[in-house]
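So this block is run16.cif, mmCIF, C-alpha atoms:
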```cif
data_start
loop_
_atom_site.label_atom_id
_atom_site.label_comp_id
_atom_site.auth_asym_id
_atom_site.auth_seq_id
_atom_site.Cartn_x
_atom_site.Cartn_y
_atom_site.Cartn_z
CA MET A 1 -15.06 -10.31 -29.24
CA THR A 2 -17.81 -8.23 -27.61
CA GLN A 3 -17.09 -5.48 -25.11
CA ALA A 4 -18.44 -7.65 -22.30
CA SER A 5 -16.11 -10.52 -23.13
CA VAL A 6 -13.13 -8.15 -23.38
CA HIS A 7 -14.05 -6.85 -19.93
CA ALA A 8 -14.34 -10.38 -18.57
CA ALA A 9 -10.88 -11.16 -19.95
CA ILE A 10 -9.19 -8.36 -18.03
CA GLU A 11 -11.31 -8.20 -14.89
CA PRO A 12 -11.53 -11.15 -12.50
CA ALA A 13 -14.88 -12.23 -11.13
CA GLU A 14 -15.46 -10.91 -7.61
CA THR A 15 -14.70 -13.57 -5.02
CA PRO A 16 -15.16 -13.60 -1.24
CA VAL A 17 -11.51 -12.56 -0.79
CA THR A 18 -10.63 -10.36 -3.77
CA PRO A 19 -12.15 -6.99 -4.79
CA GLU A 20 -14.27 -6.52 -7.86
CA SER A 21 -11.45 -5.40 -10.15
CA TRP A 22 -7.74 -5.85 -10.81
CA GLY A 23 -7.47 -2.08 -10.99
CA LYS A 24 -8.67 -1.68 -7.43
CA LEU A 25 -6.34 -4.41 -6.19
CA GLY A 26 -3.48 -2.79 -8.12
CA MET A 27 -4.16 0.62 -6.61
CA TRP A 28 -4.20 -0.85 -3.09
CA ILE A 29 -0.85 -2.57 -3.75
CA PHE A 30 0.57 0.74 -5.03
CA LEU A 31 -0.78 2.60 -2.00
CA ALA A 32 0.68 0.01 0.38
CA GLY A 33 4.10 0.56 -1.22
CA ASP A 34 3.67 4.31 -1.15
CA ALA A 35 2.68 4.16 2.52
CA VAL A 36 5.99 2.39 3.23
CA GLY A 37 7.79 5.33 1.57
CA PHE A 38 5.94 7.96 3.58
CA GLY A 39 6.16 5.90 6.76
CA THR A 40 9.93 5.61 6.40
CA LEU A 41 10.30 9.34 5.75
CA LEU A 42 8.21 10.09 8.82
CA ALA A 43 10.12 7.60 10.98
CA SER A 44 13.44 9.12 9.82
CA TYR A 45 12.12 12.57 10.65
CA GLY A 46 11.05 11.35 14.11
CA ALA A 47 14.48 9.79 14.75
CA MET A 48 16.30 13.00 13.74
CA ARG A 49 13.91 15.14 15.75
CA ALA A 50 14.31 12.98 18.87
CA THR A 51 18.11 12.73 18.75
CA SER A 52 19.01 16.29 17.74
CA ALA A 53 20.02 18.66 20.51
CA ASP A 54 19.27 21.86 18.58
CA TRP A 55 16.18 20.96 16.58
CA PRO A 56 14.17 24.17 16.04
CA ASN A 57 10.64 24.41 17.37
CA PRO A 58 8.67 23.97 14.13
CA TYR A 59 5.71 25.73 15.69
CA ASP A 60 7.76 28.96 15.89
CA ALA A 61 9.76 28.53 12.69
CA LEU A 62 6.97 27.50 10.30
CA GLY A 63 3.72 28.98 11.58
CA ILE A 64 0.55 26.94 11.38
CA ASN A 65 -2.38 29.14 10.32
CA LEU A 66 -1.80 28.69 6.59
CA THR A 67 -1.08 24.97 6.98
CA ALA A 68 -4.19 24.46 9.10
CA PHE A 69 -6.18 26.02 6.25
CA MET A 70 -4.39 23.73 3.76
CA THR A 71 -5.43 20.75 5.91
CA PHE A 72 -9.02 22.00 5.87
CA LEU A 73 -8.80 22.32 2.08
CA LEU A 74 -7.54 18.76 1.61
CA ILE A 75 -10.26 17.30 3.86
CA CYS A 76 -12.89 19.27 1.90
CA SER A 77 -11.46 17.92 -1.36
CA SER A 78 -11.86 14.38 -0.01
CA VAL A 79 -15.55 15.12 0.56
CA THR A 80 -16.01 16.50 -2.98
CA MET A 81 -14.34 13.30 -4.26
CA VAL A 82 -16.88 11.24 -2.35
CA LYS A 83 -19.67 13.40 -3.85
CA ALA A 84 -18.28 12.84 -7.37
CA LEU A 85 -18.54 9.08 -6.91
CA GLU A 86 -21.96 9.42 -5.34
CA TRP A 87 -23.33 11.35 -8.34
CA LEU A 88 -21.82 8.85 -10.74
CA GLY A 89 -23.51 6.09 -8.74
CA ARG A 90 -26.80 7.96 -9.27
CA GLY A 91 -26.10 8.12 -12.99
CA ASP A 92 -25.41 11.88 -13.13
CA ARG A 93 -22.19 12.25 -15.13
CA THR A 94 -22.39 16.06 -15.30
CA ARG A 95 -22.45 16.51 -11.51
CA CYS A 96 -19.77 13.84 -11.15
CA ARG A 97 -17.47 15.80 -13.49
CA TRP A 98 -18.14 19.04 -11.60
CA PHE A 99 -17.25 17.44 -8.28
CA LEU A 100 -14.13 15.88 -9.78
CA PHE A 101 -13.25 19.40 -10.98
CA TYR A 102 -13.86 20.89 -7.50
CA THR A 103 -11.59 18.18 -6.06
CA ALA A 104 -8.86 19.00 -8.60
CA VAL A 105 -9.22 22.73 -7.82
CA GLY A 106 -8.85 21.94 -4.09
CA GLY A 107 -5.66 20.01 -4.85
CA ALA A 108 -4.30 22.73 -7.14
CA LEU A 109 -4.99 25.34 -4.48
CA PHE A 110 -3.18 23.20 -1.91
CA VAL A 111 -0.08 22.97 -4.13
CA THR A 112 -0.23 26.71 -4.86
CA LEU A 113 -0.37 27.53 -1.14
CA GLN A 114 2.48 25.11 -0.51
CA ALA A 115 4.58 26.88 -3.17
CA TYR A 116 3.75 30.22 -1.52
CA GLU A 117 4.70 28.80 1.90
CA TRP A 118 7.99 27.42 0.55
CA SER A 119 8.95 30.74 -1.06
CA LYS A 120 8.09 32.60 2.17
CA LEU A 121 10.17 30.20 4.30
CA ILE A 122 13.10 30.29 1.85
CA HIS A 123 12.96 34.09 2.02
CA GLU A 124 13.09 33.83 5.83
CA GLY A 125 16.22 31.68 5.64
CA LEU A 126 14.96 28.08 5.67
CA HIS A 127 17.11 26.23 3.13
CA ILE A 128 17.67 22.57 2.35
CA ASN A 129 21.20 22.81 3.81
CA GLY A 130 20.66 25.16 6.72
CA ASN A 131 18.46 27.60 8.60
CA PRO A 132 18.82 30.36 11.21
CA TRP A 133 17.01 28.42 13.94
CA GLY A 134 19.11 25.27 14.53
CA ALA A 135 19.83 21.82 13.09
CA SER A 136 20.40 22.00 9.33
CA LEU A 137 18.52 18.70 8.84
CA PHE A 138 15.36 20.54 9.88
CA GLY A 139 15.18 22.25 6.48
CA THR A 140 16.35 19.16 4.62
CA SER A 141 13.65 16.94 6.09
CA PHE A 142 10.96 19.63 5.81
CA PHE A 143 11.53 20.18 2.08
CA ILE A 144 11.93 16.47 1.27
CA VAL A 145 8.81 15.32 3.12
CA THR A 146 6.50 18.19 2.10
CA GLY A 147 7.94 18.08 -1.44
CA PHE A 148 7.29 14.34 -1.76
CA HIS A 149 3.71 14.89 -0.60
CA GLY A 150 3.29 17.94 -2.86
CA LEU A 151 4.36 15.84 -5.85
CA HIS A 152 1.69 13.31 -4.93
CA VAL A 153 -0.95 16.04 -4.78
CA THR A 154 0.23 17.40 -8.16
CA GLY A 155 0.02 13.88 -9.63
CA GLY A 156 -3.43 13.53 -8.08
CA VAL A 157 -4.66 16.74 -9.72
CA LEU A 158 -3.52 15.48 -13.14
CA TYR A 159 -5.10 12.09 -12.41
CA LEU A 160 -8.44 13.79 -11.54
CA LEU A 161 -8.35 15.87 -14.73
CA ALA A 162 -7.76 12.65 -16.68
CA MET A 163 -10.76 11.14 -14.87
CA ILE A 164 -12.98 14.04 -16.00
CA ARG A 165 -12.02 13.22 -19.58
CA TRP A 166 -12.56 9.50 -18.88
CA VAL A 167 -16.11 10.11 -17.62
CA THR A 168 -16.82 12.50 -20.52
CA ASN A 169 -15.84 9.84 -23.07
CA ARG A 170 -18.09 7.15 -21.59
CA PRO A 171 -21.85 7.79 -21.95
CA ASP A 172 -22.72 4.93 -19.58
CA PRO A 173 -21.98 6.02 -15.95
CA ALA A 174 -21.51 2.38 -14.94
CA ALA A 175 -18.55 2.13 -17.34
CA SER A 176 -16.62 4.81 -15.40
CA TYR A 177 -17.61 3.92 -11.84
CA ASN A 178 -14.72 1.56 -11.14
CA ALA A 179 -12.08 3.94 -12.56
CA VAL A 180 -13.42 6.92 -10.59
CA GLU A 181 -13.57 4.82 -7.41
CA ILE A 182 -9.90 3.84 -7.91
CA SER A 183 -8.85 7.47 -8.45
CA GLY A 184 -10.75 8.29 -5.25
CA LEU A 185 -8.63 5.76 -3.35
CA TYR A 186 -5.50 7.60 -4.46
CA TRP A 187 -6.91 11.01 -3.54
CA HIS A 188 -8.07 9.91 -0.08
CA PHE A 189 -4.64 8.37 0.51
CA VAL A 190 -2.98 11.73 -0.22
CA ASP A 191 -5.33 13.29 2.36
CA LEU A 192 -4.62 10.48 4.85
CA VAL A 193 -0.85 11.01 4.55
CA TRP A 194 -1.21 14.74 5.16
CA ILE A 195 -3.22 14.01 8.32
CA PHE A 196 -0.02 12.46 9.76
CA LEU A 197 2.47 14.89 8.20
CA PHE A 198 0.73 18.03 9.45
CA PRO A 199 1.10 17.42 13.21
CA ALA A 200 4.48 15.68 12.84
CA LEU A 201 6.14 18.46 10.81
CA TYR A 202 4.36 21.59 12.01
CA LEU A 203 3.19 21.04 15.55
CA LEU A 204 5.73 18.86 17.37
CA MET B 1 -21.81 -0.57 -9.81
CA SER B 2 -21.64 -1.08 -6.12
CA GLY B 3 -24.17 0.46 -3.73
CA SER B 4 -26.16 2.40 -6.35
CA GLY B 5 -29.54 2.15 -4.65
CA GLY B 6 -31.08 5.56 -3.80
CA GLU B 7 -31.63 4.81 -0.10
CA ASP B 8 -28.22 3.23 0.18
CA ILE B 9 -26.56 6.35 -1.28
CA LYS B 10 -28.53 8.67 1.06
CA ARG B 11 -27.34 6.61 4.02
CA HIS B 12 -23.75 6.77 2.76
CA VAL B 13 -23.94 10.56 2.35
CA LYS B 14 -25.07 10.93 5.99
CA VAL B 15 -22.10 8.83 7.09
CA TYR B 16 -19.70 10.91 4.95
CA ILE B 17 -21.00 14.16 6.45
CA ALA B 18 -20.54 12.72 9.95
CA VAL B 19 -16.97 11.65 9.08
CA PHE B 20 -16.22 15.10 7.60
CA THR B 21 -17.47 16.78 10.80
CA ALA B 22 -15.36 14.43 12.93
CA LEU B 23 -12.27 15.20 10.81
CA MET B 24 -12.81 18.93 11.19
CA VAL B 25 -13.30 18.66 14.97
CA ALA B 26 -10.17 16.50 15.23
CA THR B 27 -8.16 19.06 13.20
CA VAL B 28 -9.31 21.85 15.55
CA ILE B 29 -8.29 19.66 18.53
CA THR B 30 -4.84 19.03 16.97
CA VAL B 31 -4.21 22.74 16.43
CA GLY B 32 -5.75 23.65 19.80
CA VAL B 33 -3.52 21.20 21.67
CA SER B 34 -0.43 22.65 19.98
CA TYR B 35 -1.29 26.06 21.52
CA MET B 36 -1.21 24.45 24.98
CA ARG B 37 2.58 23.84 24.67
CA LEU B 38 2.51 20.41 26.33
CA ALA B 39 5.69 18.46 27.11
CA VAL B 40 7.12 16.93 23.90
CA LEU B 41 6.29 13.31 24.79
CA LEU B 42 2.71 14.15 25.75
CA ALA B 43 2.28 16.38 22.68
CA VAL B 44 3.55 13.58 20.38
CA THR B 45 1.22 11.06 22.04
CA VAL B 46 -1.87 13.29 21.75
CA ALA B 47 -1.07 14.37 18.17
CA MET B 48 -0.46 10.81 16.98
CA ILE B 49 -3.61 9.46 18.68
CA VAL B 50 -5.73 12.18 17.03
CA ALA B 51 -3.97 11.59 13.66
CA THR B 52 -4.54 7.83 13.92
CA VAL B 53 -8.25 8.35 14.64
CA LYS B 54 -8.52 10.76 11.65
CA GLY B 55 -6.55 8.43 9.38
CA SER B 56 -8.69 5.46 10.40
CA LEU B 57 -11.86 7.40 9.59
CA VAL B 58 -10.55 8.32 6.12
CA ALA B 59 -9.41 4.76 5.41
CA ALA B 60 -12.52 3.06 6.82
CA TYR B 61 -15.21 5.31 5.30
CA PHE B 62 -13.81 7.40 2.42
CA MET B 63 -11.63 4.54 1.12
CA HIS B 64 -14.31 1.96 1.99
CA LEU B 65 -11.81 -0.22 3.84
CA LYS B 66 -14.57 -1.02 6.32
CA SER B 67 -16.47 -2.97 3.68
CA GLU B 68 -13.47 -4.03 1.59
CA LYS B 69 -12.56 -7.64 0.84
CA PRO B 70 -10.18 -9.49 3.22
CA ALA B 71 -7.40 -9.65 0.58
CA ILE B 72 -6.94 -5.87 0.83
CA PHE B 73 -6.94 -5.88 4.61
CA TRP B 74 -4.34 -8.67 4.78
CA LEU B 75 -2.23 -6.99 2.09
CA LEU B 76 -2.04 -3.87 4.26
CA MET B 77 -1.33 -5.86 7.41
CA LEU B 78 1.49 -7.75 5.67
CA THR B 79 2.99 -4.49 4.39
CA ALA B 80 2.77 -2.90 7.84
CA SER B 81 4.43 -5.94 9.45
CA PHE B 82 7.34 -5.87 6.97
CA TRP B 83 7.71 -2.13 7.50
CA VAL B 84 7.92 -2.51 11.27
CA LEU B 85 10.51 -5.28 10.77
CA LEU B 86 12.47 -3.04 8.40
CA MET B 87 12.44 -0.20 10.92
CA PHE B 88 14.01 -2.47 13.54
CA ILE B 89 17.23 -2.81 11.51
CA PRO B 90 18.44 0.79 12.01
CA VAL B 91 17.22 0.75 15.62
CA LEU B 92 19.28 -2.39 16.35
CA MET B 93 22.30 -0.91 14.56
CA HIS B 94 21.91 2.25 16.63
CA LEU B 95 21.75 0.25 19.88
CA ASP B 96 24.73 -1.84 18.74
CA SER B 97 26.85 1.27 18.16
CA PHE B 98 25.99 2.42 21.70
CA GLU B 99 27.20 -0.90 23.10
CA ILE B 100 30.48 -0.67 21.15
CA GLN B 101 31.03 2.86 22.47
CA ALA B 102 30.26 1.71 26.02
CA GLU B 103 32.82 -1.12 25.79
CA ARG B 104 35.62 1.28 24.75
#
```

For the structure just supplied, provide its representation as structure tokens.
Amino acid sequence: MTQASVHAAIEPAETPVTPESWGKLGMWIFLAGDAVGFGTLLASYGAMRATSADWPNPYDALGINLTAFMTFLLICSSVTMVKALEWLGRGDRTRCRWFLFYTAVGGALFVTLQAYEWSKLIHEGLHINGNPWGASLFGTSFFIVTGFHGLHVTGGVLYLLAMIRWVTNRPDPAASYNAVEISGLYWHFVDLVWIFLFPALYLL
Amino acid sequence: MSGSGGEDIKRHVKVYIAVFTALMVATVITVGVSYMRLAVLLAVTVAMIVATVKGSLVAAYFMHLKSEKPAIFWLLMLTASFWVLLMFIPVLMHLDSFEIQAER
């Protein structure tokens, strides 16, 4: 069996209603499920926030300068991801790998800053079962939601590093395009989720 | 390989830069509005509108949802519909418990 026929066996032909690969469809299904998870966490947070009489003002308790910078970092990493795919589309695997690396560095920096923020807040008294400012569920929800997102970013960094290896092992840029595009979907989703978490957790 | 033509890529890059600029401006607006200390309901409304615009830009352009096949779009719509339905269950239970308390 030739490589082309193996590919045809696992990839469906593009139709007017389905995307060009099972992988892409699979990633969208995964992201839809993941969005339900994040959406439910956010809705639960909103319900607790709205019904609690002594919910602390997150703006005062958490501080936003560092988190605003983290948001900036994540948006920048989405742009470097787009550039990685663009260079692969132009046939330049070296630049693609560099931009994948920049994206991974952006993600790693985000997680590092989140760890720093957590340790600072824990030191100030914010714990999963209580805090000096008010409702104990404030800390619980903060750590669960940001932790769940942080795990996604960590997974994304590992995924991007695996993609660098994937591109390295395939001399033909066209052979990696679909896989890199799918990893990009995941990375942009992580950015998209943070866009909603940032104002909900830190500013309201 | 989709959209690998040189001109096509240049056009895409221009769009991505425009989207990036819009995302940055929207982030500044989000943070700026939080400094204004608006009433909670108004602050939630403004923050969620800005977040929805930003999220839509990321999904439409960075994730290519704008040019994606209908199956993906309908998959997301179906998921969102089920999620909204799912969220009604605790809301109804909450309202029900209020009614029981009111009857006592």

Translate the PyMOL selection byres ((chain A and resi 105) around 12), as applied to the file shown, into an explicit residue set as number ranges by chain.
A: 73-74, 76-78, 80-81, 98-104, 106-112, 153-154, 156-158, 160-161

Just how far from atom CA of Met63 of chain B is atom CA of His188 of chain A, in Å to one decimal?
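Pair atom CA of His188 of chain A / atom CA of Met63 of chain B returns 6.6 Å.
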
Run the PyMOL selection byres ((chain A) within 8 of (chain B)) on the file and write out the hits as a PyMOL selection string.
chain A and resi 16-19+25+28-29+32-33+36+40+68+71-72+75-76+78-79+82+86+89-90+174+177-178+184-185+188-189+192-193+195-196+199-200+203-204

May I have the residues within 12 Å of Arg170 of chain A as a ChimeraX atom specification, using all atoms listed in the file and disregarding those fewer than 2 positions away in the same chain?
/A:88,91,93-94,97,163-168,172-177,179-180

Record the distance separating atom CA of Arg49 of chain A and atom CA of Trp187 of chain A, expressed in Å with one decimal.
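That distance, rounded to one decimal, is 28.7 Å.
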
Determine, counting only C-alpha atoms, which protein, DNA and RNA residues have an atom within 8 Å of an atom of segment 56-61 of chain A; residues of the same chain fewer than 5 positions away are not included. Present the result as a list in words.
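Once the nearby chain positions are removed, what remains is Trp133, Gly134, Ala135, Phe138, Leu201, Tyr202, Leu203 and Leu204 of chain A.
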
Straight-line distance linking atom CA of Gly155 of chain A with atom CA of Gly26 of chain A, stated in Å to one decimal
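Taking atom CA of Gly155 of chain A as the start and atom CA of Gly26 of chain A as the end point, the length is 17.1 Å.
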
Will you give me segment 18-30 of chain B, written with all heavy atoms and laid out as a compact mmCIF listing (two decimals), in the first residue's frame?
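Just written: result.txt:
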```txt
# COMPACT_ATOMS: atom_id res chain seq x y z
N ALA B 18 -4.86 42.92 11.74
CA ALA B 18 -6.03 43.74 12.10
C ALA B 18 -6.75 43.12 13.29
O ALA B 18 -7.16 43.83 14.22
CB ALA B 18 -6.97 43.86 10.90
N VAL B 19 -6.89 41.80 13.29
CA VAL B 19 -7.58 41.11 14.39
C VAL B 19 -6.77 41.27 15.69
O VAL B 19 -7.34 41.55 16.76
CB VAL B 19 -7.80 39.61 14.06
CG1 VAL B 19 -8.31 38.85 15.28
CG2 VAL B 19 -8.79 39.46 12.92
N PHE B 20 -5.45 41.12 15.58
CA PHE B 20 -4.57 41.27 16.75
C PHE B 20 -4.73 42.67 17.35
O PHE B 20 -4.89 42.82 18.57
CB PHE B 20 -3.11 41.02 16.33
CG PHE B 20 -2.11 41.37 17.39
CD1 PHE B 20 -1.98 40.58 18.53
CD2 PHE B 20 -1.31 42.49 17.27
CE1 PHE B 20 -1.05 40.90 19.52
CE2 PHE B 20 -0.38 42.81 18.25
CZ PHE B 20 -0.25 42.01 19.37
N THR B 21 -4.73 43.69 16.48
CA THR B 21 -4.89 45.08 16.96
C THR B 21 -6.24 45.25 17.66
O THR B 21 -6.33 45.84 18.74
CB THR B 21 -4.80 46.06 15.76
OG1 THR B 21 -3.63 45.74 15.01
CG2 THR B 21 -4.72 47.49 16.22
N ALA B 22 -7.28 44.67 17.05
CA ALA B 22 -8.63 44.77 17.65
C ALA B 22 -8.66 44.09 19.02
O ALA B 22 -9.26 44.61 19.96
CB ALA B 22 -9.66 44.14 16.71
N LEU B 23 -7.99 42.94 19.13
CA LEU B 23 -7.96 42.22 20.41
C LEU B 23 -7.25 43.04 21.49
O LEU B 23 -7.68 43.09 22.64
CB LEU B 23 -7.28 40.86 20.25
CG LEU B 23 -8.04 39.80 19.44
CD1 LEU B 23 -7.16 38.57 19.21
CD2 LEU B 23 -9.33 39.40 20.14
N MET B 24 -6.16 43.68 21.09
CA MET B 24 -5.40 44.50 22.05
C MET B 24 -6.23 45.70 22.52
O MET B 24 -6.29 46.00 23.71
CB MET B 24 -4.11 45.01 21.39
CG MET B 24 -3.03 43.98 21.29
SD MET B 24 -2.62 43.39 22.93
CE MET B 24 -2.04 41.78 22.58
N VAL B 25 -6.88 46.36 21.54
CA VAL B 25 -7.72 47.52 21.88
C VAL B 25 -8.85 47.08 22.82
O VAL B 25 -9.13 47.74 23.84
CB VAL B 25 -8.29 48.18 20.59
CG1 VAL B 25 -9.35 49.23 20.93
CG2 VAL B 25 -7.17 48.80 19.78
N ALA B 26 -9.46 45.94 22.50
CA ALA B 26 -10.57 45.44 23.34
C ALA B 26 -10.09 45.09 24.74
O ALA B 26 -10.81 45.32 25.72
CB ALA B 26 -11.20 44.22 22.68
N THR B 27 -8.85 44.55 24.86
CA THR B 27 -8.30 44.23 26.19
C THR B 27 -8.10 45.51 27.00
O THR B 27 -8.44 45.56 28.19
CB THR B 27 -6.96 43.47 26.06
OG1 THR B 27 -7.18 42.31 25.26
CG2 THR B 27 -6.41 43.05 27.40
N VAL B 28 -7.57 46.55 26.34
CA VAL B 28 -7.38 47.85 27.01
C VAL B 28 -8.74 48.40 27.46
O VAL B 28 -8.87 48.91 28.58
CB VAL B 28 -6.65 48.84 26.07
CG1 VAL B 28 -6.64 50.25 26.66
CG2 VAL B 28 -5.22 48.38 25.81
N ILE B 29 -9.76 48.26 26.60
CA ILE B 29 -11.11 48.74 26.96
C ILE B 29 -11.61 47.97 28.20
O ILE B 29 -12.12 48.57 29.15
CB ILE B 29 -12.10 48.55 25.78
CG1 ILE B 29 -11.75 49.53 24.66
CG2 ILE B 29 -13.55 48.75 26.24
CD1 ILE B 29 -12.52 49.31 23.37
N THR B 30 -11.43 46.64 28.20
CA THR B 30 -11.89 45.81 29.33
C THR B 30 -11.26 46.28 30.64
O THR B 30 -11.95 46.48 31.64
CB THR B 30 -11.53 44.33 29.09
OG1 THR B 30 -12.01 43.94 27.81
CG2 THR B 30 -12.16 43.43 30.14
```
